[in-house]
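S.K.: Below is one structure. I have some questions about it.
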Amino acid sequence: MKKCFLVTVLITLLISLLPINAAESPSISITGSDSTHHGEFILMEVHVDGDKVNNITGKITYEKNDLAIFDLVQTTELPNWDITIDTATAGTVSFSAKANSKAVETDFISVDTVLFKMRFIVKSDDITSAKIATSKVTSVVKEMVVDKSNILNKEEIDYAKKYNKDLEKWPIDLPNKPDPIPVPDPIYGEKEVEKTLNLDNSTLKVAVSKKLSSNSYLSAVTVANGTINPSFNKLTNIYTIDVEGSEKVSMNAVAEYPNSVVSISEETNNQIVVSVTSETGIISSYVFNVARTEKDPAGNEQKATPGKTEKTSFIDRISNSLGIKLTLVNNTMLLLLGALSLISLVIIGIGRYYVYVGSHEEVED
């Protein structure tokens with residue numbers, strides 16, 4: 001009997017040395033975009049990791065003056081959970097997620113699980129970084145703890161106590177008194193309990209930068225001493241500026257996008273070019289042909305042709321030297337005069353031929 005008892009105690013001690021299955025400490029994290037531009041989106045996901053997490057509650061905070069919630073999507077990984085997300089208060093997202101009565105043990109959060117996803121839009125043009133963080137997050141987990149109400153070796157303890165108590169009654173004059181039996185320490189069983197834990201906060205930091213513009217349009221062009229034809233339109237690239245006299249054109253051009261660079265060339269051959277360079281390096285050019293109206297000594301207006309140098313024809317030079325004003329002298333007139341000259345030469349040649357033939361006939365007679 002004594003030997004059997006010792007074997008039982010030994011087995012119980014070995015069981016007591018086995019590790020207790022405790023739940024891994026759960027954690028919450030926010031992942032998502034690490035950079036974005038003004039006016040664009042920040043994508044974020046709320047993750048929970050742990051062992052047998054039963055429910056989780058908490059808040060997410062963000063700067064309401066810089067960010068605005070665009071949309072949110074709940075997880076599909078926890079079909080038997082009741083998930084509530086409250087976004088009514090700007091700057092705060094309150095959330096709770098709990099396994100409902102339909103959930104089984106495999107529905108609990110035991111590995112990294114996405115609770116929900118959200119997109120924020122950056123509405124401020126002044127910030128260089130944005131921060132989204134969790135706060136006051138708690139979770140309930142199921143874990144095995146020592147149950148002192150359940151002593152696994154209670155029978156062995158009771159037996160040792162009773163044996164030693166009976167041994168105290170051993171008669172003094174009776175030889176060969178047995179040694180007392182050591183009373184073993186109690187070995188407690190385990191039970192599964194729900195435990196609420198405060199989780200460490202997580203923060204998502206996003207760098208926010210300005211998006212470069214490709215806008216290379218002009219929004220307006222004005223000329224102080226002339227008239228632009230046709231009326232300015234940012235999609236039209238060629239214009240004429242009517243200017244009286246030889247005064248230098250005074251022009252002002254404004255870019256549609258403030259950070260685009262405008263360059264106005266000097267007037268060359270009655271032409272001005274305005275170039276607009278966007279932040280991304282795209283260049284658009286607008287051409288303005290200058291048509292100058294000047295008065296000759298007789299008081300008549302003469303308009304210079306933009307981009308061309310006027311030339312005096314041969315006939316003009318002759319007419320000017322003779323003091324004759326020709327009202328219609330151009331290339332077409334020159335062609336007509338040339339044709340008439342050629343016809344005259346042909347007629348003269350034919351006439352001379354017949355005169356020659358006629359004179360020979362008279363001599364023969």
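The chains in the structure tokens are called A, B, ... from first to last as shown; in each chain the residues are counted from 1, and the ligands are counted from 1 in the order shown.
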Extract, using only C-alpha atoms, all DNA, RNA and protein residues at most 6 Å from Gly226 of chain A, discarding same-chain residues fewer than 3 positions from it, and format them as a list of chain:residue names.
M.R.: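 The neighbour list is A:Val223, A:Asp242, A:Val243.
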S.K.: Output N, CA and C atoms of each residue in that selection to a file, as a short mmCIF file (atom, residue, chain, number, x, y, z; two decimals), in the first residue's frame.
M.R.:
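Written output follows (part_37.cif):
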```cif
data_model
loop_
_atom_site.label_atom_id
_atom_site.label_comp_id
_atom_site.auth_asym_id
_atom_site.auth_seq_id
_atom_site.Cartn_x
_atom_site.Cartn_y
_atom_site.Cartn_z
N VAL A 223 -3.35 93.05 -73.08
CA VAL A 223 -2.41 93.91 -73.79
C VAL A 223 -2.85 95.35 -73.55
N ASP A 242 -3.50 93.56 -82.62
CA ASP A 242 -3.55 94.78 -83.43
C ASP A 242 -3.03 95.95 -82.61
N VAL A 243 -1.96 96.59 -83.12
CA VAL A 243 -1.30 97.68 -82.39
C VAL A 243 -1.16 98.88 -83.34
#
```
S.K.: I'd like the neighbourhood of Ser250 of chain A as a PyMOL selection string, where a residue qualifies if any of its atoms comes within 10 Å (using only C-alpha atoms), though same-chain residues fewer than 2 positions away should be ignored.
M.R.: chain A and resi 222-226+247-248+252
S.K.: Any chance you can output those residues with N, CA and C atoms as a short mmCIF file (atom, residue, chain, number, x, y, z; two decimals), in the first residue's frame?
M.R.:
```
data_model
loop_
_atom_site.label_atom_id
_atom_site.label_comp_id
_atom_site.auth_asym_id
_atom_site.auth_seq_id
_atom_site.Cartn_x
_atom_site.Cartn_y
_atom_site.Cartn_z
N THR A 222 -3.63 89.99 -71.22
CA THR A 222 -4.07 91.36 -71.49
C THR A 222 -2.95 92.13 -72.18
N VAL A 223 -3.35 93.05 -73.08
CA VAL A 223 -2.41 93.91 -73.79
C VAL A 223 -2.85 95.35 -73.55
N ALA A 224 -1.97 96.15 -72.96
CA ALA A 224 -2.33 97.51 -72.58
C ALA A 224 -2.53 98.42 -73.78
N ASN A 225 -1.79 98.19 -74.85
CA ASN A 225 -1.83 99.10 -75.99
C ASN A 225 -2.21 98.41 -77.29
N GLY A 226 -3.06 97.39 -77.18
CA GLY A 226 -3.49 96.68 -78.38
C GLY A 226 -4.71 95.83 -78.12
N GLU A 247 4.89 101.50 -81.17
CA GLU A 247 5.11 101.37 -79.73
C GLU A 247 5.28 99.90 -79.35
N LYS A 248 6.13 99.62 -78.37
CA LYS A 248 6.38 98.26 -77.90
C LYS A 248 5.13 97.70 -77.25
N ASN A 252 0.61 91.24 -70.48
CA ASN A 252 0.62 90.56 -69.18
C ASN A 252 -0.12 89.23 -69.34
#
```
S.K.: Give me the residues near Phe288 of chain A as a list in words, where near means some atom within 7 Å (using only C-alpha atoms) and where sequence neighbours in that chain fewer than 6 positions away do not count.
M.R.: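 Listing them by chain and then by number gives Ile238, Tyr239, Thr240, Ile241, Gln271, Ile272 and Val273 of chain A.
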S.K.: For N, CA and C atoms, I'd like the residues from the last selection saved as a PDB file, in the first residue's frame.
M.R.:
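Below you can see again.pdb, which holds the result:
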```pdb
ATOM      1  N   ILE A 238      -2.912  80.389 -81.035  1.00  0.00           N
ATOM      2  CA  ILE A 238      -2.405  81.395 -81.980  1.00  0.00           C
ATOM      3  C   ILE A 238      -3.363  82.586 -82.016  1.00  0.00           C
ATOM      4  N   TYR A 239      -2.806  83.806 -81.904  1.00  0.00           N
ATOM      5  CA  TYR A 239      -3.608  85.030 -81.858  1.00  0.00           C
ATOM      6  C   TYR A 239      -2.921  86.121 -82.680  1.00  0.00           C
ATOM      7  N   THR A 240      -3.692  87.186 -82.925  1.00  0.00           N
ATOM      8  CA  THR A 240      -3.152  88.394 -83.546  1.00  0.00           C
ATOM      9  C   THR A 240      -3.378  89.568 -82.596  1.00  0.00           C
ATOM     10  N   ILE A 241      -2.351  90.391 -82.454  1.00  0.00           N
ATOM     11  CA  ILE A 241      -2.474  91.601 -81.643  1.00  0.00           C
ATOM     12  C   ILE A 241      -2.425  92.807 -82.584  1.00  0.00           C
ATOM     13  N   GLN A 271       6.411  89.060 -83.776  1.00  0.00           N
ATOM     14  CA  GLN A 271       5.852  87.869 -83.144  1.00  0.00           C
ATOM     15  C   GLN A 271       6.326  87.767 -81.695  1.00  0.00           C
ATOM     16  N   ILE A 272       5.393  87.429 -80.790  1.00  0.00           N
ATOM     17  CA  ILE A 272       5.692  87.228 -79.362  1.00  0.00           C
ATOM     18  C   ILE A 272       5.221  85.839 -78.972  1.00  0.00           C
ATOM     19  N   VAL A 273       6.062  85.111 -78.255  1.00  0.00           N
ATOM     20  CA  VAL A 273       5.718  83.761 -77.802  1.00  0.00           C
ATOM     21  C   VAL A 273       5.648  83.751 -76.276  1.00  0.00           C
TER      22      VAL A 273
END
```
S.K.: Which residue gives the smallest distance to Val104 of chain A among A:Pro79, A:Gly245, A:Pro171, A:Gly189, with only C-alpha atoms counted?
M.R.: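 Nearest to Val104 of chain A: A:Pro79.
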S.K.: If I take atom CA of Glu194 of chain A and atom CA of Asn100 of chain A, how far is one from the other in Å, to one decimal?
M.R.: 14.8 Å
S.K.: Please measure the separation of atom CA of Ser278 of chain A and atom CA of Leu218 of chain A, giving the value in Å to one decimal.
M.R.: 10.7 Å
S.K.: At a cut-off of 12 Å, using only C-alpha atoms, what residues contact Asn55 of chain A? Leave out same-chain residues fewer than 4 positions from it and give the result as a PDB file with C-alpha atoms, in the first residue's frame.
M.R.:
```pdb
ATOM      1  CA  PRO A  26      -3.437  39.894 -27.680  1.00  0.00           C
ATOM      2  CA  VAL A  48      -6.130  42.046 -33.920  1.00  0.00           C
ATOM      3  CA  ASP A  49      -3.819  39.186 -33.029  1.00  0.00           C
ATOM      4  CA  GLY A  50      -4.089  36.812 -30.083  1.00  0.00           C
ATOM      5  CA  ASP A  51      -5.320  33.457 -28.835  1.00  0.00           C
ATOM      6  CA  LEU A  78     -15.557  36.857 -38.527  1.00  0.00           C
ATOM      7  CA  ASN A  80     -20.342  35.016 -36.271  1.00  0.00           C
ATOM      8  CA  TRP A  81     -19.323  38.274 -34.653  1.00  0.00           C
ATOM      9  CA  ASP A  82     -21.367  41.387 -34.020  1.00  0.00           C
ATOM     10  CA  ILE A  83     -19.276  44.375 -35.140  1.00  0.00           C
ATOM     11  CA  THR A  84     -20.301  47.982 -34.503  1.00  0.00           C
ATOM     12  CA  PHE A  95     -15.708  50.273 -32.397  1.00  0.00           C
ATOM     13  CA  SER A  96     -16.705  47.017 -30.736  1.00  0.00           C
ATOM     14  CA  ALA A  97     -16.565  43.436 -31.958  1.00  0.00           C
ATOM     15  CA  LYS A  98     -17.848  40.424 -30.042  1.00  0.00           C
ATOM     16  CA  ALA A  99     -18.489  36.779 -30.854  1.00  0.00           C
ATOM     17  CA  ASN A 100     -22.219  36.092 -30.759  1.00  0.00           C
ATOM     18  CA  ALA A 103     -19.752  31.419 -32.672  1.00  0.00           C
ATOM     19  CA  ASP A 107     -14.566  31.687 -34.720  1.00  0.00           C
ATOM     20  CA  PHE A 108     -12.501  33.339 -32.003  1.00  0.00           C
ATOM     21  CA  ILE A 109      -9.536  35.494 -32.952  1.00  0.00           C
ATOM     22  CA  SER A 110      -6.489  33.290 -32.626  1.00  0.00           C
ATOM     23  CA  LEU A 115     -11.512  43.903 -38.036  1.00  0.00           C
ATOM     24  CA  VAL A 137      -8.517  49.313 -26.492  1.00  0.00           C
ATOM     25  CA  THR A 138      -9.527  46.322 -24.371  1.00  0.00           C
ATOM     26  CA  SER A 139     -10.061  42.703 -25.282  1.00  0.00           C
ATOM     27  CA  VAL A 140     -11.569  39.673 -23.598  1.00  0.00           C
ATOM     28  CA  VAL A 141      -9.652  36.427 -23.957  1.00  0.00           C
ATOM     29  CA  LYS A 142     -10.289  32.889 -22.845  1.00  0.00           C
ATOM     30  CA  GLU A 194     -12.522  35.100 -19.644  1.00  0.00           C
ATOM     31  CA  LYS A 195     -10.045  37.830 -18.847  1.00  0.00           C
ATOM     32  CA  THR A 196     -10.127  41.496 -19.867  1.00  0.00           C
ATOM     33  CA  LEU A 197      -6.815  42.998 -20.981  1.00  0.00           C
TER      34      LEU A 197
END
```
S.K.: Hey, what does DSSP flag as strand (DSSP E) within segment 23-61 of chain A? Can you give it to me as a PyMOL selection string?
M.R.: chain A and resi 27-32+35-37+41-49+53-61
S.K.: Write out, as a compact mmCIF listing (two decimals), in the first residue's frame, the residues just selected, with C-alpha atoms.
M.R.:
```txt
# COMPACT_ATOMS: atom_id res chain seq x y z
CA SER A 27 -2.32 42.95 -29.63
CA ILE A 28 -3.87 45.55 -31.90
CA SER A 29 -2.16 47.24 -34.83
CA ILE A 30 -2.95 49.73 -37.58
CA THR A 31 -1.39 49.22 -40.98
CA GLY A 32 -1.82 51.10 -44.24
CA SER A 35 2.62 58.38 -47.73
CA THR A 36 0.00 60.30 -49.71
CA HIS A 37 -0.68 63.68 -51.33
CA PHE A 41 -6.56 59.00 -49.68
CA ILE A 42 -5.03 57.22 -46.70
CA LEU A 43 -5.87 53.51 -46.50
CA MET A 44 -5.76 51.90 -43.06
CA GLU A 45 -6.60 48.49 -41.58
CA VAL A 46 -7.22 47.55 -37.94
CA HIS A 47 -5.68 44.17 -37.06
CA VAL A 48 -6.13 42.05 -33.92
CA ASP A 49 -3.82 39.19 -33.03
CA VAL A 53 -9.93 36.58 -28.22
CA ASN A 54 -13.65 36.75 -27.49
CA ASN A 55 -14.33 40.44 -28.05
CA ILE A 56 -12.55 43.73 -28.43
CA THR A 57 -13.53 47.39 -27.99
CA GLY A 58 -11.72 50.66 -28.41
CA LYS A 59 -11.35 53.95 -30.25
CA ILE A 60 -9.38 55.37 -33.15
CA THR A 61 -8.45 59.02 -33.08
```
S.K.: With only C-alpha atoms as the basis for distance, which of A:Leu342, A:Phe120, A:Trp170, A:Ser33 is at the shortest distance from Asp71 of chain A?
M.R.: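 Among A:Leu342, A:Phe120, A:Trp170, A:Ser33, it is A:Phe120 that comes nearest to Asp71 of chain A.
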S.K.: When you look at Val261 of chain A with a cut-off of 9 Å (counting only C-alpha atoms), what residues show up, excluding the ones that are within fewer than 5 positions of it in the same chain? I need them as a list in words.
M.R.: Ser216, Ala255, Ser275, Val276, Thr277, Ser278 and Glu279 of chain A
S.K.: Using only C-alpha atoms, what does the table of segment 179-233 of chain A residues within 7 Å of segment 148-169 of chain A look like, with each row giving the shortest atom pair and its distance in Å to one decimal, sorted by chain and ascending number, as a Markdown table?
M.R.:
```
| residue | atom | partner | partner_atom | distance |
| --- | --- | --- | --- | --- |
| A:Pro180 | CA | A:Asn164 | CA | 5.4 |
| A:Ile181 | CA | A:Ala160 | CA | 5.7 |
| A:Pro182 | CA | A:Ala160 | CA | 6.7 |
| A:Val183 | CA | A:Ala160 | CA | 5.4 |
| A:Pro184 | CA | A:Ile157 | CA | 5.9 |
| A:Pro186 | CA | A:Ile151 | CA | 6.1 |
| A:Ile187 | CA | A:Leu152 | CA | 5.4 |
| A:Tyr188 | CA | A:Ile151 | CA | 4.5 |
| A:Gly189 | CA | A:Asn150 | CA | 5.3 |
```
S.K.: Could you take the residues named above and write them with C-alpha atoms, as a PDB file, in the first residue's frame?
M.R.:
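Listing of part.pdb after writing:
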```
ATOM      1  CA  PRO A 180       4.988   9.037   9.100  1.00  0.00           C
ATOM      2  CA  ILE A 181       4.082   9.672   5.432  1.00  0.00           C
ATOM      3  CA  PRO A 182       4.950  13.135   4.012  1.00  0.00           C
ATOM      4  CA  VAL A 183       1.826  15.082   3.118  1.00  0.00           C
ATOM      5  CA  PRO A 184       2.173  16.102  -0.584  1.00  0.00           C
ATOM      6  CA  PRO A 186      -1.715  20.156  -3.420  1.00  0.00           C
ATOM      7  CA  ILE A 187      -1.799  19.946  -7.203  1.00  0.00           C
ATOM      8  CA  TYR A 188      -4.468  22.230  -8.613  1.00  0.00           C
ATOM      9  CA  GLY A 189      -6.404  21.705 -11.771  1.00  0.00           C
TER      10      GLY A 189
END
```
S.K.: Would you list, as number ranges by chain, the residues of segment 118-344 of chain A that end up in alpha helix (DSSP H) under DSSP run on this structure's backbone?
M.R.: A: 154-167, 314-322, 331-344
S.K.: Could you save those same residues with N, CA and C atoms as an mmCIF file, in the first residue's frame?
M.R.:
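Produced file result21.cif, reproduced below:
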```cif
data_model
loop_
_atom_site.group_PDB
_atom_site.id
_atom_site.type_symbol
_atom_site.label_atom_id
_atom_site.label_comp_id
_atom_site.auth_asym_id
_atom_site.auth_seq_id
_atom_site.Cartn_x
_atom_site.Cartn_y
_atom_site.Cartn_z
ATOM 1 N N LYS A 154 -6.134 15.306 -4.058
ATOM 2 C CA LYS A 154 -6.813 15.453 -2.754
ATOM 3 C C LYS A 154 -6.857 14.117 -1.984
ATOM 4 N N GLU A 155 -7.077 13.024 -2.678
ATOM 5 C CA GLU A 155 -7.155 11.728 -2.004
ATOM 6 C C GLU A 155 -5.818 11.370 -1.358
ATOM 7 N N GLU A 156 -4.713 11.607 -2.053
ATOM 8 C CA GLU A 156 -3.403 11.304 -1.502
ATOM 9 C C GLU A 156 -3.107 12.176 -0.284
ATOM 10 N N ILE A 157 -3.516 13.420 -0.356
ATOM 11 C CA ILE A 157 -3.292 14.321 0.784
ATOM 12 C C ILE A 157 -4.113 13.869 1.985
ATOM 13 N N ASP A 158 -5.374 13.542 1.722
ATOM 14 C CA ASP A 158 -6.246 13.094 2.815
ATOM 15 C C ASP A 158 -5.735 11.788 3.426
ATOM 16 N N TYR A 159 -5.269 10.921 2.556
ATOM 17 C CA TYR A 159 -4.757 9.644 3.070
ATOM 18 C C TYR A 159 -3.531 9.870 3.956
ATOM 19 N N ALA A 160 -2.619 10.710 3.518
ATOM 20 C CA ALA A 160 -1.403 10.960 4.303
ATOM 21 C C ALA A 160 -1.746 11.603 5.631
ATOM 22 N N LYS A 161 -2.657 12.538 5.603
ATOM 23 C CA LYS A 161 -3.046 13.191 6.856
ATOM 24 C C LYS A 161 -3.676 12.187 7.828
ATOM 25 N N LYS A 162 -4.582 11.362 7.298
ATOM 26 C CA LYS A 162 -5.251 10.381 8.158
ATOM 27 C C LYS A 162 -4.247 9.347 8.678
ATOM 28 N N TYR A 163 -3.315 8.920 7.802
ATOM 29 C CA TYR A 163 -2.327 7.922 8.209
ATOM 30 C C TYR A 163 -1.457 8.456 9.348
ATOM 31 N N ASN A 164 -1.017 9.700 9.187
ATOM 32 C CA ASN A 164 -0.162 10.285 10.219
ATOM 33 C C ASN A 164 -0.927 10.522 11.523
ATOM 34 N N LYS A 165 -2.203 10.865 11.359
ATOM 35 C CA LYS A 165 -3.005 11.080 12.564
ATOM 36 C C LYS A 165 -3.210 9.769 13.316
ATOM 37 N N ASP A 166 -3.443 8.695 12.576
ATOM 38 C CA ASP A 166 -3.603 7.388 13.213
ATOM 39 C C ASP A 166 -2.287 6.922 13.823
ATOM 40 N N LEU A 167 -1.190 7.317 13.184
ATOM 41 C CA LEU A 167 0.114 6.910 13.675
ATOM 42 C C LEU A 167 0.402 7.527 15.045
ATOM 43 N N PHE A 314 9.832 94.839 -108.735
ATOM 44 C CA PHE A 314 10.474 95.564 -109.844
ATOM 45 C C PHE A 314 9.543 96.619 -110.421
ATOM 46 N N ILE A 315 8.289 96.249 -110.594
ATOM 47 C CA ILE A 315 7.308 97.192 -111.147
ATOM 48 C C ILE A 315 7.106 98.364 -110.191
ATOM 49 N N ASP A 316 7.105 98.064 -108.864
ATOM 50 C CA ASP A 316 6.957 99.147 -107.883
ATOM 51 C C ASP A 316 8.094 100.143 -108.012
ATOM 52 N N ARG A 317 9.313 99.590 -108.170
ATOM 53 C CA ARG A 317 10.451 100.496 -108.279
ATOM 54 C C ARG A 317 10.351 101.375 -109.521
ATOM 55 N N ILE A 318 9.891 100.778 -110.641
ATOM 56 C CA ILE A 318 9.730 101.565 -111.872
ATOM 57 C C ILE A 318 8.660 102.620 -111.692
ATOM 58 N N SER A 319 7.517 102.192 -111.088
ATOM 59 C CA SER A 319 6.415 103.141 -110.929
ATOM 60 C C SER A 319 6.794 104.271 -109.992
ATOM 61 N N ASN A 320 7.577 103.932 -108.954
ATOM 62 C CA ASN A 320 8.000 104.985 -108.027
ATOM 63 C C ASN A 320 8.947 105.957 -108.710
ATOM 64 N N SER A 321 9.856 105.435 -109.563
ATOM 65 C CA SER A 321 10.824 106.316 -110.235
ATOM 66 C C SER A 321 10.128 107.229 -111.235
ATOM 67 N N LEU A 322 9.010 106.765 -111.811
ATOM 68 C CA LEU A 322 8.278 107.560 -112.778
ATOM 69 C C LEU A 322 7.214 108.424 -112.129
ATOM 70 N N ASN A 331 2.257 89.636 -107.890
ATOM 71 C CA ASN A 331 2.831 88.553 -108.687
ATOM 72 C C ASN A 331 1.937 88.152 -109.849
ATOM 73 N N THR A 332 0.640 88.188 -109.638
ATOM 74 C CA THR A 332 -0.297 87.827 -110.721
ATOM 75 C C THR A 332 -0.180 88.809 -111.885
ATOM 76 N N MET A 333 -0.032 90.120 -111.556
ATOM 77 C CA MET A 333 0.115 91.141 -112.596
ATOM 78 C C MET A 333 1.394 90.914 -113.394
ATOM 79 N N LEU A 334 2.437 90.530 -112.688
ATOM 80 C CA LEU A 334 3.695 90.269 -113.381
ATOM 81 C C LEU A 334 3.560 89.126 -114.370
ATOM 82 N N LEU A 335 2.826 88.086 -113.990
ATOM 83 C CA LEU A 335 2.611 86.954 -114.884
ATOM 84 C C LEU A 335 1.827 87.371 -116.127
ATOM 85 N N LEU A 336 0.813 88.200 -115.932
ATOM 86 C CA LEU A 336 0.004 88.668 -117.074
ATOM 87 C C LEU A 336 0.845 89.505 -118.036
ATOM 88 N N LEU A 337 1.663 90.402 -117.449
ATOM 89 C CA LEU A 337 2.529 91.232 -118.301
ATOM 90 C C LEU A 337 3.504 90.376 -119.074
ATOM 91 N N GLY A 338 4.041 89.361 -118.439
ATOM 92 C CA GLY A 338 4.974 88.471 -119.126
ATOM 93 C C GLY A 338 4.305 87.740 -120.270
ATOM 94 N N ALA A 339 3.075 87.279 -120.028
ATOM 95 C CA ALA A 339 2.338 86.560 -121.087
ATOM 96 C C ALA A 339 2.049 87.464 -122.273
ATOM 97 N N LEU A 340 1.636 88.709 -121.966
ATOM 98 C CA LEU A 340 1.357 89.663 -123.053
ATOM 99 C C LEU A 340 2.607 89.955 -123.875
ATOM 100 N N SER A 341 3.748 90.056 -123.176
ATOM 101 C CA SER A 341 5.010 90.315 -123.890
ATOM 102 C C SER A 341 5.351 89.169 -124.817
ATOM 103 N N LEU A 342 5.137 87.950 -124.362
ATOM 104 C CA LEU A 342 5.439 86.773 -125.172
ATOM 105 C C LEU A 342 4.545 86.717 -126.396
ATOM 106 N N ILE A 343 3.270 87.002 -126.216
ATOM 107 C CA ILE A 343 2.322 86.987 -127.343
ATOM 108 C C ILE A 343 2.717 88.050 -128.376
ATOM 109 N N SER A 344 3.131 89.225 -127.886
ATOM 110 C CA SER A 344 3.542 90.317 -128.797
ATOM 111 C C SER A 344 4.727 89.890 -129.642
#
```
